[in-house]
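Below is query.txt, holding compact mmCIF, C-alpha atoms.
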# COMPACT_ATOMS: atom_id res chain seq x y z
CA MET A 1 -10.65 7.19 18.66
CA MET A 2 -8.05 8.88 16.49
CA LYS A 3 -6.11 9.99 19.58
CA THR A 4 -6.13 6.41 20.90
CA VAL A 5 -4.81 5.00 17.65
CA ILE A 6 -2.09 7.67 17.40
CA TYR A 7 -1.01 6.96 20.99
CA PHE A 8 -0.87 3.23 20.20
CA PHE A 9 1.20 3.93 17.11
CA ILE A 10 3.76 6.04 19.04
CA SER A 11 3.90 3.46 21.85
CA SER A 12 4.57 0.69 19.34
CA LEU A 13 7.52 2.63 17.93
CA LYS A 14 8.99 2.94 21.43
CA ILE A 15 8.45 -0.73 22.18
CA MET A 16 10.10 -1.81 18.98
CA LYS A 17 13.06 0.48 19.51
CA ASN A 18 13.65 -0.91 23.01
CA GLY A 19 12.81 -4.54 22.25
CA ASN A 20 15.10 -5.23 19.28
CA THR A 21 18.86 -5.34 19.33
CA THR A 22 19.11 -4.00 15.81
CA SER A 23 16.61 -1.18 15.45
CA ASP A 24 17.13 -0.27 11.80
CA PHE A 25 15.84 -2.28 8.87
CA ILE A 26 17.73 -2.91 5.64
CA LEU A 27 15.94 -2.25 2.36
CA LEU A 28 17.50 -4.52 -0.25
CA GLY A 29 16.14 -2.26 -2.99
CA LEU A 30 14.97 -2.80 -6.53
CA PHE A 31 18.03 -1.96 -8.63
CA ASN A 32 21.73 -2.71 -8.60
CA HIS A 33 24.47 -0.63 -10.23
CA THR A 34 24.54 -2.26 -13.65
CA GLY A 35 23.95 -0.28 -16.81
CA THR A 36 20.49 -1.74 -17.41
CA HIS A 37 19.32 -1.06 -13.89
CA LEU A 38 20.75 2.45 -14.02
CA PHE A 39 18.64 3.10 -17.11
CA LEU A 40 15.53 1.70 -15.38
CA PHE A 41 16.26 3.83 -12.33
CA ALA A 42 16.43 6.93 -14.52
CA MET A 43 13.11 5.98 -16.12
CA VAL A 44 11.46 5.58 -12.71
CA LEU A 45 12.70 9.02 -11.67
CA THR A 46 11.47 10.54 -14.93
CA ILE A 47 8.01 9.00 -14.56
CA ALA A 48 7.82 10.08 -10.91
CA PHE A 49 8.84 13.64 -11.80
CA ALA A 50 6.28 13.75 -14.63
CA SER A 51 3.61 12.48 -12.26
CA LEU A 52 4.43 15.15 -9.67
CA VAL A 53 4.45 17.95 -12.24
CA GLY A 54 1.27 16.76 -13.95
CA ASN A 55 -0.70 16.41 -10.74
CA ALA A 56 0.59 19.75 -9.43
CA LEU A 57 -0.51 21.48 -12.64
CA MET A 58 -3.89 19.77 -12.38
CA ILE A 59 -4.43 21.07 -8.85
CA LEU A 60 -3.25 24.56 -9.81
CA LEU A 61 -5.52 24.69 -12.87
CA ILE A 62 -8.58 23.56 -10.91
CA HIS A 63 -7.84 26.09 -8.20
CA GLN A 64 -7.34 29.02 -10.57
CA ASP A 65 -10.20 28.43 -13.02
CA ALA A 66 -13.55 29.35 -11.45
CA ARG A 67 -15.42 27.29 -14.07
CA LEU A 68 -13.83 24.14 -12.60
CA HIS A 69 -15.07 24.78 -9.09
CA THR A 70 -17.50 21.87 -9.19
CA PRO A 71 -17.71 18.67 -7.09
CA MET A 72 -16.32 16.58 -9.95
CA TYR A 73 -13.16 18.63 -10.33
CA PHE A 74 -12.78 19.01 -6.57
CA LEU A 75 -12.70 15.22 -6.24
CA LEU A 76 -10.23 15.11 -9.12
CA SER A 77 -7.97 17.58 -7.32
CA GLN A 78 -8.05 15.39 -4.21
CA LEU A 79 -7.09 12.38 -6.30
CA SER A 80 -4.16 14.33 -7.75
CA LEU A 81 -3.08 15.34 -4.24
CA MET A 82 -3.14 11.71 -3.09
CA ASP A 83 -1.09 10.64 -6.11
CA MET A 84 1.50 13.32 -5.41
CA MET A 85 1.81 12.28 -1.78
CA LEU A 86 2.01 8.60 -2.71
CA VAL A 87 4.90 9.22 -5.11
CA SER A 88 6.63 11.42 -2.54
CA THR A 89 6.33 8.69 0.09
CA ILE A 90 8.18 6.00 -1.88
CA VAL A 91 10.40 7.41 -4.62
CA PRO A 92 12.62 9.89 -2.67
CA LYS A 93 13.69 7.26 -0.12
CA MET A 94 14.31 4.69 -2.85
CA ALA A 95 16.39 7.17 -4.87
CA THR A 96 18.37 8.26 -1.80
CA ASN A 97 19.22 4.68 -0.87
CA TYR A 98 20.27 3.86 -4.42
CA LEU A 99 22.46 6.94 -4.90
CA THR A 100 24.12 6.94 -1.47
CA GLY A 101 24.36 3.20 -0.95
CA LYS A 102 22.84 3.55 2.52
CA MET A 103 20.14 0.88 2.65
CA SER A 104 18.98 1.30 6.26
CA ILE A 105 15.67 2.74 7.37
CA SER A 106 14.67 3.48 10.95
CA PRO A 107 11.54 2.00 12.55
CA ALA A 108 9.94 5.46 12.70
CA GLU A 109 10.52 6.03 8.97
CA CYS A 110 9.29 2.52 8.23
CA GLY A 111 6.14 3.07 10.28
CA LEU A 112 5.47 6.39 8.57
CA GLN A 113 5.87 4.78 5.15
CA ILE A 114 3.37 2.06 6.06
CA PHE A 115 0.96 4.66 7.46
CA PHE A 116 1.08 6.96 4.41
CA LEU A 117 0.93 4.07 1.93
CA LEU A 118 -2.21 2.62 3.53
CA THR A 119 -3.75 6.03 4.14
CA LEU A 120 -3.30 7.18 0.56
CA GLY A 121 -4.04 3.79 -1.00
CA GLY A 122 -7.19 3.29 1.06
CA GLY A 123 -8.20 6.91 0.53
CA GLU A 124 -7.94 6.51 -3.24
CA CYS A 125 -10.15 3.40 -3.09
CA PHE A 126 -12.98 5.32 -1.44
CA LEU A 127 -12.37 8.49 -3.45
CA LEU A 128 -12.69 6.62 -6.75
CA ALA A 129 -15.99 5.23 -5.51
CA ALA A 130 -17.15 8.77 -4.68
CA MET A 131 -16.15 9.91 -8.18
CA SER A 132 -18.15 7.07 -9.73
CA TYR A 133 -21.22 8.20 -7.76
CA ASP A 134 -20.65 11.73 -9.05
CA ARG A 135 -20.62 10.45 -12.63
CA TYR A 136 -23.74 8.37 -12.00
CA VAL A 137 -25.67 11.41 -10.78
CA ALA A 138 -24.39 13.58 -13.64
CA VAL A 139 -25.43 11.08 -16.32
CA CYS A 140 -28.57 9.50 -14.88
CA HIS A 141 -30.02 12.46 -12.94
CA PRO A 142 -28.58 15.63 -14.53
CA LEU A 143 -31.47 17.88 -13.46
CA ARG A 144 -31.16 16.80 -9.83
CA TYR A 145 -27.36 17.00 -9.78
CA PRO A 146 -27.13 20.09 -7.48
CA ALA A 147 -29.34 18.36 -4.91
CA LEU A 148 -27.95 14.81 -5.13
CA MET A 149 -24.30 15.92 -5.34
CA SER A 150 -24.19 19.00 -3.15
CA TRP A 151 -20.99 20.56 -1.87
CA GLN A 152 -21.81 19.36 1.62
CA LEU A 153 -22.05 15.75 0.47
CA CYS A 154 -18.91 16.14 -1.63
CA LEU A 155 -16.92 17.40 1.35
CA ARG A 156 -18.26 14.59 3.54
CA MET A 157 -17.22 11.93 1.05
CA THR A 158 -13.78 13.51 0.67
CA VAL A 159 -13.17 13.76 4.41
CA GLY A 160 -14.52 10.24 4.87
CA SER A 161 -12.06 8.89 2.30
CA TRP A 162 -9.12 10.49 4.09
CA VAL A 163 -10.29 9.42 7.57
CA LEU A 164 -11.02 5.80 6.65
CA GLY A 165 -7.65 5.47 4.96
CA ALA A 166 -5.86 7.10 7.92
CA VAL A 167 -7.54 4.84 10.48
CA ASP A 168 -6.56 1.73 8.54
CA GLY A 169 -3.02 3.03 8.09
CA LEU A 170 -2.55 3.88 11.77
CA MET A 171 -3.92 0.57 13.00
CA GLN A 172 -1.89 -1.59 10.64
CA ALA A 173 1.32 0.37 11.11
CA ALA A 174 1.01 0.28 14.90
CA ALA A 175 0.16 -3.43 14.99
CA THR A 176 2.97 -4.32 12.57
CA LEU A 177 5.64 -2.47 14.55
CA SER A 178 4.47 -3.97 17.85
CA PHE A 179 5.83 -7.43 16.93
CA PRO A 180 9.32 -8.53 18.02
CA PHE A 181 11.62 -8.99 15.03
CA CYS A 182 14.36 -11.53 14.42
CA ASP A 183 18.03 -10.69 13.99
CA ALA A 184 17.70 -10.60 10.21
CA HIS A 185 16.15 -7.17 9.48
CA GLU A 186 16.51 -7.37 5.71
CA ILE A 187 13.41 -6.32 3.79
CA ASN A 188 13.36 -7.71 0.26
CA HIS A 189 11.68 -4.59 -1.08
CA PHE A 190 12.44 -0.96 -1.90
CA PHE A 191 9.97 0.42 0.67
CA CYS A 192 8.40 -0.69 3.94
CA GLU A 193 5.21 -2.66 3.47
CA ALA A 194 3.15 -4.29 6.22
CA PRO A 195 2.98 -7.85 4.76
CA THR A 196 6.72 -7.86 4.04
CA LEU A 197 7.57 -6.52 7.49
CA VAL A 198 5.33 -9.07 9.23
CA GLY A 199 7.36 -11.78 7.51
CA LEU A 200 10.36 -10.75 9.65
CA ALA A 201 8.54 -11.10 12.97
CA CYS A 202 9.66 -13.72 15.49
CA ALA A 203 6.14 -14.25 16.80
CA ASP A 204 2.95 -15.95 15.71
CA THR A 205 1.38 -13.50 13.28
CA PHE A 206 -1.28 -15.78 11.79
CA VAL A 207 -4.24 -13.93 13.33
CA PHE A 208 -2.88 -10.52 12.36
CA GLU A 209 -2.13 -11.66 8.80
CA TYR A 210 -5.64 -13.04 8.47
CA VAL A 211 -7.21 -9.82 9.79
CA MET A 212 -4.94 -7.74 7.56
CA TYR A 213 -5.95 -9.81 4.53
CA VAL A 214 -9.67 -9.45 5.34
CA CYS A 215 -9.31 -5.67 5.79
CA CYS A 216 -7.47 -5.43 2.48
CA VAL A 217 -10.16 -7.41 0.67
CA LEU A 218 -12.94 -5.29 2.17
CA MET A 219 -11.21 -1.99 1.37
CA LEU A 220 -10.78 -3.11 -2.23
CA LEU A 221 -14.01 -4.98 -2.94
CA VAL A 222 -16.53 -2.68 -1.22
CA PRO A 223 -15.55 0.50 -3.16
CA PHE A 224 -14.98 -1.55 -6.32
CA SER A 225 -18.49 -3.03 -6.03
CA LEU A 226 -19.95 0.47 -5.68
CA ILE A 227 -18.03 1.54 -8.78
CA LEU A 228 -19.35 -1.43 -10.75
CA ILE A 229 -22.92 -0.68 -9.67
CA SER A 230 -22.57 3.01 -10.62
CA TYR A 231 -21.20 2.27 -14.06
CA SER A 232 -23.73 -0.48 -14.67
CA LEU A 233 -26.49 2.06 -14.11
CA ILE A 234 -24.66 4.58 -16.30
CA LEU A 235 -24.33 2.02 -19.09
CA ALA A 236 -28.01 1.15 -18.86
CA ALA A 237 -28.93 4.84 -19.07
CA VAL A 238 -26.61 5.47 -22.02
CA LEU A 239 -27.98 2.53 -23.98
CA GLN A 240 -31.47 4.00 -23.68
CA MET A 241 -30.34 7.21 -25.38
CA HIS A 242 -31.41 7.36 -29.02
CA SER A 243 -28.97 10.02 -30.22
CA ARG A 244 -25.40 8.99 -31.03
CA GLU A 245 -24.11 12.41 -30.00
CA ALA A 246 -25.83 12.08 -26.65
CA ARG A 247 -24.03 8.76 -26.07
CA LYS A 248 -20.58 10.17 -26.86
CA LYS A 249 -20.55 12.72 -24.04
CA PRO A 250 -21.04 10.22 -21.14
CA PHE A 251 -18.45 7.89 -22.62
CA ALA A 252 -16.01 10.78 -23.00
CA THR A 253 -16.42 11.91 -19.38
CA CYS A 254 -16.35 8.40 -17.89
CA SER A 255 -13.59 6.78 -19.98
CA SER A 256 -10.74 8.54 -18.18
CA HIS A 257 -12.14 7.60 -14.77
CA LEU A 258 -12.63 4.00 -15.88
CA SER A 259 -9.04 3.77 -17.06
CA VAL A 260 -7.79 5.00 -13.67
CA VAL A 261 -10.07 2.53 -11.89
CA GLY A 262 -8.82 -0.33 -14.06
CA LEU A 263 -5.15 0.46 -13.50
CA PHE A 264 -5.48 1.13 -9.77
CA TYR A 265 -7.76 -1.73 -8.78
CA GLY A 266 -6.19 -4.18 -11.23
CA ALA A 267 -2.73 -3.73 -9.73
CA ALA A 268 -4.05 -3.67 -6.14
CA ILE A 269 -6.17 -6.81 -6.51
CA PHE A 270 -3.35 -8.70 -8.22
CA THR A 271 -0.88 -7.70 -5.49
CA TYR A 272 -2.86 -7.86 -2.26
CA MET A 273 -5.78 -10.24 -2.79
CA GLN A 274 -3.73 -13.41 -3.10
CA PRO A 275 -3.62 -15.52 0.09
CA LYS A 276 -0.77 -17.44 -1.50
CA SER A 277 1.52 -14.44 -1.07
CA TYR A 278 0.91 -14.38 2.69
CA ARG A 279 1.50 -18.13 2.90
CA GLU A 280 4.73 -17.81 0.95
CA ARG A 281 5.95 -15.12 3.35
CA THR A 282 5.18 -17.39 6.31
CA GLU A 283 6.96 -20.33 4.71
CA ALA A 284 9.96 -18.14 3.93
CA ARG A 285 10.08 -16.99 7.54
CA GLU A 286 9.96 -20.58 8.81
CA GLY A 287 12.69 -21.54 6.37
CA GLN A 288 14.83 -18.68 7.62
CA ARG A 289 14.37 -19.82 11.21
CA GLU A 290 15.35 -23.39 10.34
CA LYS A 291 18.41 -22.11 8.55
CA GLU A 292 19.43 -20.05 11.59
CA THR A 293 18.91 -23.09 13.84
CA GLN A 294 21.09 -25.24 11.60
CA ASN A 295 23.81 -22.58 11.63
CA LEU A 296 23.74 -22.54 15.42
CA LYS A 297 24.06 -26.30 15.55
CA GLN A 298 27.10 -26.27 13.28
CA THR A 299 29.47 -25.11 16.00
CA PRO A 300 32.90 -26.67 16.73
CA GLY A 301 31.48 -28.58 19.70
CA SER A 302 28.59 -29.96 17.72
CA GLN A 303 30.90 -30.91 14.86
CA LEU A 304 33.12 -32.89 17.32
CA SER A 305 30.06 -34.65 18.69
CA THR A 306 28.94 -35.47 15.17
CA GLN A 307 32.36 -36.87 14.26
CA SER A 308 32.50 -38.93 17.46
CA SER A 309 29.14 -40.46 16.78
CA THR A 310 30.24 -41.18 13.23
CA TRP A 311 33.31 -43.10 14.49
CA GLY A 312 31.19 -45.07 16.97
CA LEU A 313 32.62 -43.29 20.06
CA ASN A 314 30.56 -42.09 22.96
CA PRO A 315 32.24 -39.05 24.60
CA GLN A 316 30.87 -40.06 28.01
CA ASN A 317 32.69 -43.43 27.89
CA VAL A 318 36.05 -42.00 26.92
CA ARG A 319 38.45 -42.14 29.93
CA LEU A 320 41.91 -40.67 30.06
If you took the structure in this file and wrote it as structure tokens, what would it be?
Amino acid sequence: MMKTVIYFFISSLKIMKNGNTTSDFILLGLFNHTGTHLFLFAMVLTIAFASLVGNALMILLIHQDARLHTPMYFLLSQLSLMDMMLVSTIVPKMATNYLTGKMSISPAECGLQIFFLLTLGGGECFLLAAMSYDRYVAVCHPLRYPALMSWQLCLRMTVGSWVLGAVDGLMQAAATLSFPFCDAHEINHFFCEAPTLVGLACADTFVFEYVMYVCCVLMLLVPFSLILISYSLILAAVLQMHSREARKKPFATCSSHLSVVGLFYGAAIFTYMQPKSYRERTEAREGQREKETQNLKQTPGSQLSTQSSTWGLNPQNVRL
């Protein structure tokens, strides 16, 4: 199945390259060259660099310290790896375009961005759910933790997170790039994103947008529901503890994971679970087509015909 999807993805890149007169897309970007935007650009680079360094140190520390060789910290290292790759997928291209002034991006680069964004984003969804299960077992069944959260199960959940994200990324990237695109290849974004790119297509994309929206909702709500169930059971178990000291430890170990879940799923649900955003992209595309049609009609010949009709003259009845 993976080989079939990869072949479809490569074939879609070839079709798009041969089927469009202008192969490259134009990323309009996020910042201009004013003083305020230059300051914001420097802040984004600083935050991205801090994220890369922090996650790299986290992975190195977990790898070097034998006491951290547990399923919980292994899952944490995988989350750090995904975050590093996610930052590396978006920020370098955005910074290069801003500093060089070259706003174009090839279809291959655009497809790879879509693939890695969906792979890493979907992988993090499932990985956070796996981490919530790990915390549930550690708090509610501490004596059975080695059996319920074995290394074999941990590796299966990790590999499953990567594979599910990769399959979704390959399918959506290949399907998005298989559409024919209009002459205007301007992407009002600082990276390639499937919903934004679909808005540039010159074909009926209603079915694909609907399927893409359903997949997005499922990939967000299913892991999020598992996380809510896990932490509901954890909360019920903690409330049954009589010692205040015994309650502090579960809250201390789960609070950091809950904060990550809140930030990640909050932003993702706000951005991708709004059907209105897809409808707005479709309306914008239709408006762009109408504008191009009006521009084609406003040619010298059409202007002469318009003026003749305004003066009450019929060009067919005019005889020399």
Nearest to Leu148 (chain A): which of A:Pro71, A:Ile114, A:Thr89, A:Glu186 is it, counting all atoms listed in the file?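 Nearest candidate to Leu148 (chain A) out of A:Pro71, A:Ile114, A:Thr89, A:Glu186: A:Pro71.
Ranking A:Ile187, A:Phe264, A:Tyr210, A:Leu38 by their shortest atom-to-atom distance to Gly121 (chain A), with all atoms listed in the file included, puts A:Phe264 first.
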Go through A:Met84, A:Leu143, A:Cys192, A:Leu52 and flag the residue nearest Leu28 (chain A), using all atoms listed in the file for the distances. A:Cys192
With distances taken over only C-alpha atoms, which of A:Gln152, A:Ser77, A:Gln113, A:Ser161 is nearest to Leu197 (chain A)? A:Gln113
Go through A:His242, A:Gln78, A:Thr253, A:Val159 one by one, measure the shortest atom-to-atom distance of each to His63 (chain A) using only C-alpha atoms, and give the residue with the smallest value. A:Gln78
CA of Phe224 (chain A) to CA of Leu128 (chain A), distance in Å rounded to a single decimal: 8.5 Å
Length of the CA of Ala138 (chain A) to CA of Val261 (chain A) vector [Å]: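 Distance between the two atoms: 18.2 Å.
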Near Leu220 (chain A), counting all atoms listed in the file, which residues have an atom at most 10 Å away, once you skip same-chain residues fewer than 5 positions from it, shown as a tab-separated table (two decimals) with C-alpha atoms, in the frame of the given file?
chain	number	residue	atom	x	y	z
A	121	GLY	CA	-4.04	3.79	-1.00
A	122	GLY	CA	-7.19	3.29	1.06
A	125	CYS	CA	-10.15	3.40	-3.09
A	126	PHE	CA	-12.98	5.32	-1.44
A	214	VAL	CA	-9.67	-9.45	5.34
A	215	CYS	CA	-9.31	-5.67	5.79
A	225	SER	CA	-18.49	-3.03	-6.03
A	265	TYR	CA	-7.76	-1.73	-8.78
A	268	ALA	CA	-4.05	-3.67	-6.14
A	269	ILE	CA	-6.17	-6.81	-6.51
A	272	TYR	CA	-2.86	-7.86	-2.26
A	273	MET	CA	-5.78	-10.24	-2.79
What does the distance between CA of Leu68 (chain A) and CA of Trp162 (chain A) come to in Å, to one decimal place?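 So the answer is 22.1 Å.
For the choices A:Leu120, A:Phe74, A:Ala95, A:Leu61, the atom-to-atom distance to Leu155 (chain A) is smallest for A:Phe74 when using all atoms listed in the file.
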Taking (-19.6, 8.6, 0.2) in the file's coordinates as the center, which residues reach within 9 Å of it, counting only C-alpha atoms, put as an MDAnalysis selection string? chainID A and resid 126:127 129:130 133 153:154 156:158 160:161
Near Phe208 (chain A), within 10 Å and counting only C-alpha atoms, which residues show up once chain neighbours fewer than 4 positions away are dropped, as a list in words?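 Using only C-alpha atoms, the neighbours found are Gln172, Ala175, Thr176, Pro195, Val198, Asp204, Met212, Tyr213 and Val214 of chain A.
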Shell of 8 Å around Ala166 (chain A), all atoms listed in the file, local chain residues under 3 positions omitted, as a PyMOL selection string: chain A and resi 115-116+118-120+122-123+162-163+169-170
Mind writing region 164-175 of chain A to a file for me, with all heavy atoms, as a compact mmCIF listing (two decimals), in the first residue's frame?
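Result saved to out09.txt:
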# COMPACT_ATOMS: atom_id res chain seq x y z
N LEU A 164 0.53 6.17 10.24
CA LEU A 164 -0.77 6.79 9.99
C LEU A 164 -0.62 8.22 9.50
O LEU A 164 -1.32 8.66 8.57
CB LEU A 164 -1.62 6.74 11.26
CG LEU A 164 -2.13 5.37 11.68
CD1 LEU A 164 -2.83 5.44 13.02
CD2 LEU A 164 -3.07 4.79 10.63
N GLY A 165 0.29 8.96 10.10
CA GLY A 165 0.54 10.32 9.63
C GLY A 165 1.10 10.35 8.23
O GLY A 165 0.71 11.19 7.40
N ALA A 166 2.02 9.41 7.92
CA ALA A 166 2.64 9.38 6.59
C ALA A 166 1.63 9.01 5.51
O ALA A 166 1.64 9.57 4.41
CB ALA A 166 3.81 8.40 6.58
N VAL A 167 0.75 8.05 5.80
CA VAL A 167 -0.26 7.67 4.82
C VAL A 167 -1.19 8.84 4.52
O VAL A 167 -1.50 9.12 3.35
CB VAL A 167 -1.06 6.45 5.33
CG1 VAL A 167 -2.27 6.19 4.45
CG2 VAL A 167 -0.16 5.22 5.37
N ASP A 168 -1.64 9.52 5.54
CA ASP A 168 -2.50 10.69 5.33
C ASP A 168 -1.76 11.78 4.55
O ASP A 168 -2.33 12.40 3.63
CB ASP A 168 -2.97 11.25 6.68
CG ASP A 168 -3.86 12.46 6.52
OD1 ASP A 168 -4.95 12.33 5.95
OD2 ASP A 168 -3.45 13.56 6.96
N GLY A 169 -0.49 12.01 4.89
CA GLY A 169 0.28 13.03 4.18
C GLY A 169 0.49 12.70 2.72
O GLY A 169 0.34 13.56 1.84
N LEU A 170 0.83 11.45 2.42
CA LEU A 170 1.05 11.04 1.03
C LEU A 170 -0.23 11.15 0.21
O LEU A 170 -0.22 11.65 -0.92
CB LEU A 170 1.58 9.61 0.99
CG LEU A 170 3.07 9.44 1.30
CD1 LEU A 170 3.39 7.96 1.44
CD2 LEU A 170 3.92 10.05 0.21
N MET A 171 -1.34 10.68 0.76
CA MET A 171 -2.59 10.70 0.01
C MET A 171 -3.06 12.12 -0.26
O MET A 171 -3.46 12.45 -1.39
CB MET A 171 -3.65 9.90 0.78
CG MET A 171 -3.37 8.42 0.88
SD MET A 171 -4.62 7.51 1.82
CE MET A 171 -6.05 7.75 0.78
N GLN A 172 -3.01 12.97 0.74
CA GLN A 172 -3.48 14.34 0.53
C GLN A 172 -2.55 15.14 -0.36
O GLN A 172 -3.00 15.93 -1.20
CB GLN A 172 -3.66 15.05 1.88
CG GLN A 172 -4.83 14.54 2.68
CD GLN A 172 -5.36 15.59 3.66
OE1 GLN A 172 -5.34 16.77 3.39
NE2 GLN A 172 -5.82 15.14 4.81
N ALA A 173 -1.25 14.94 -0.22
CA ALA A 173 -0.31 15.67 -1.08
C ALA A 173 -0.46 15.23 -2.53
O ALA A 173 -0.48 16.06 -3.46
CB ALA A 173 1.12 15.44 -0.61
N ALA A 174 -0.59 13.92 -2.76
CA ALA A 174 -0.73 13.43 -4.13
C ALA A 174 -2.04 13.88 -4.75
O ALA A 174 -2.09 14.31 -5.91
CB ALA A 174 -0.66 11.90 -4.13
N ALA A 175 -3.13 13.82 -3.98
CA ALA A 175 -4.43 14.25 -4.52
C ALA A 175 -4.45 15.74 -4.79
O ALA A 175 -5.02 16.19 -5.79
CB ALA A 175 -5.54 13.86 -3.55
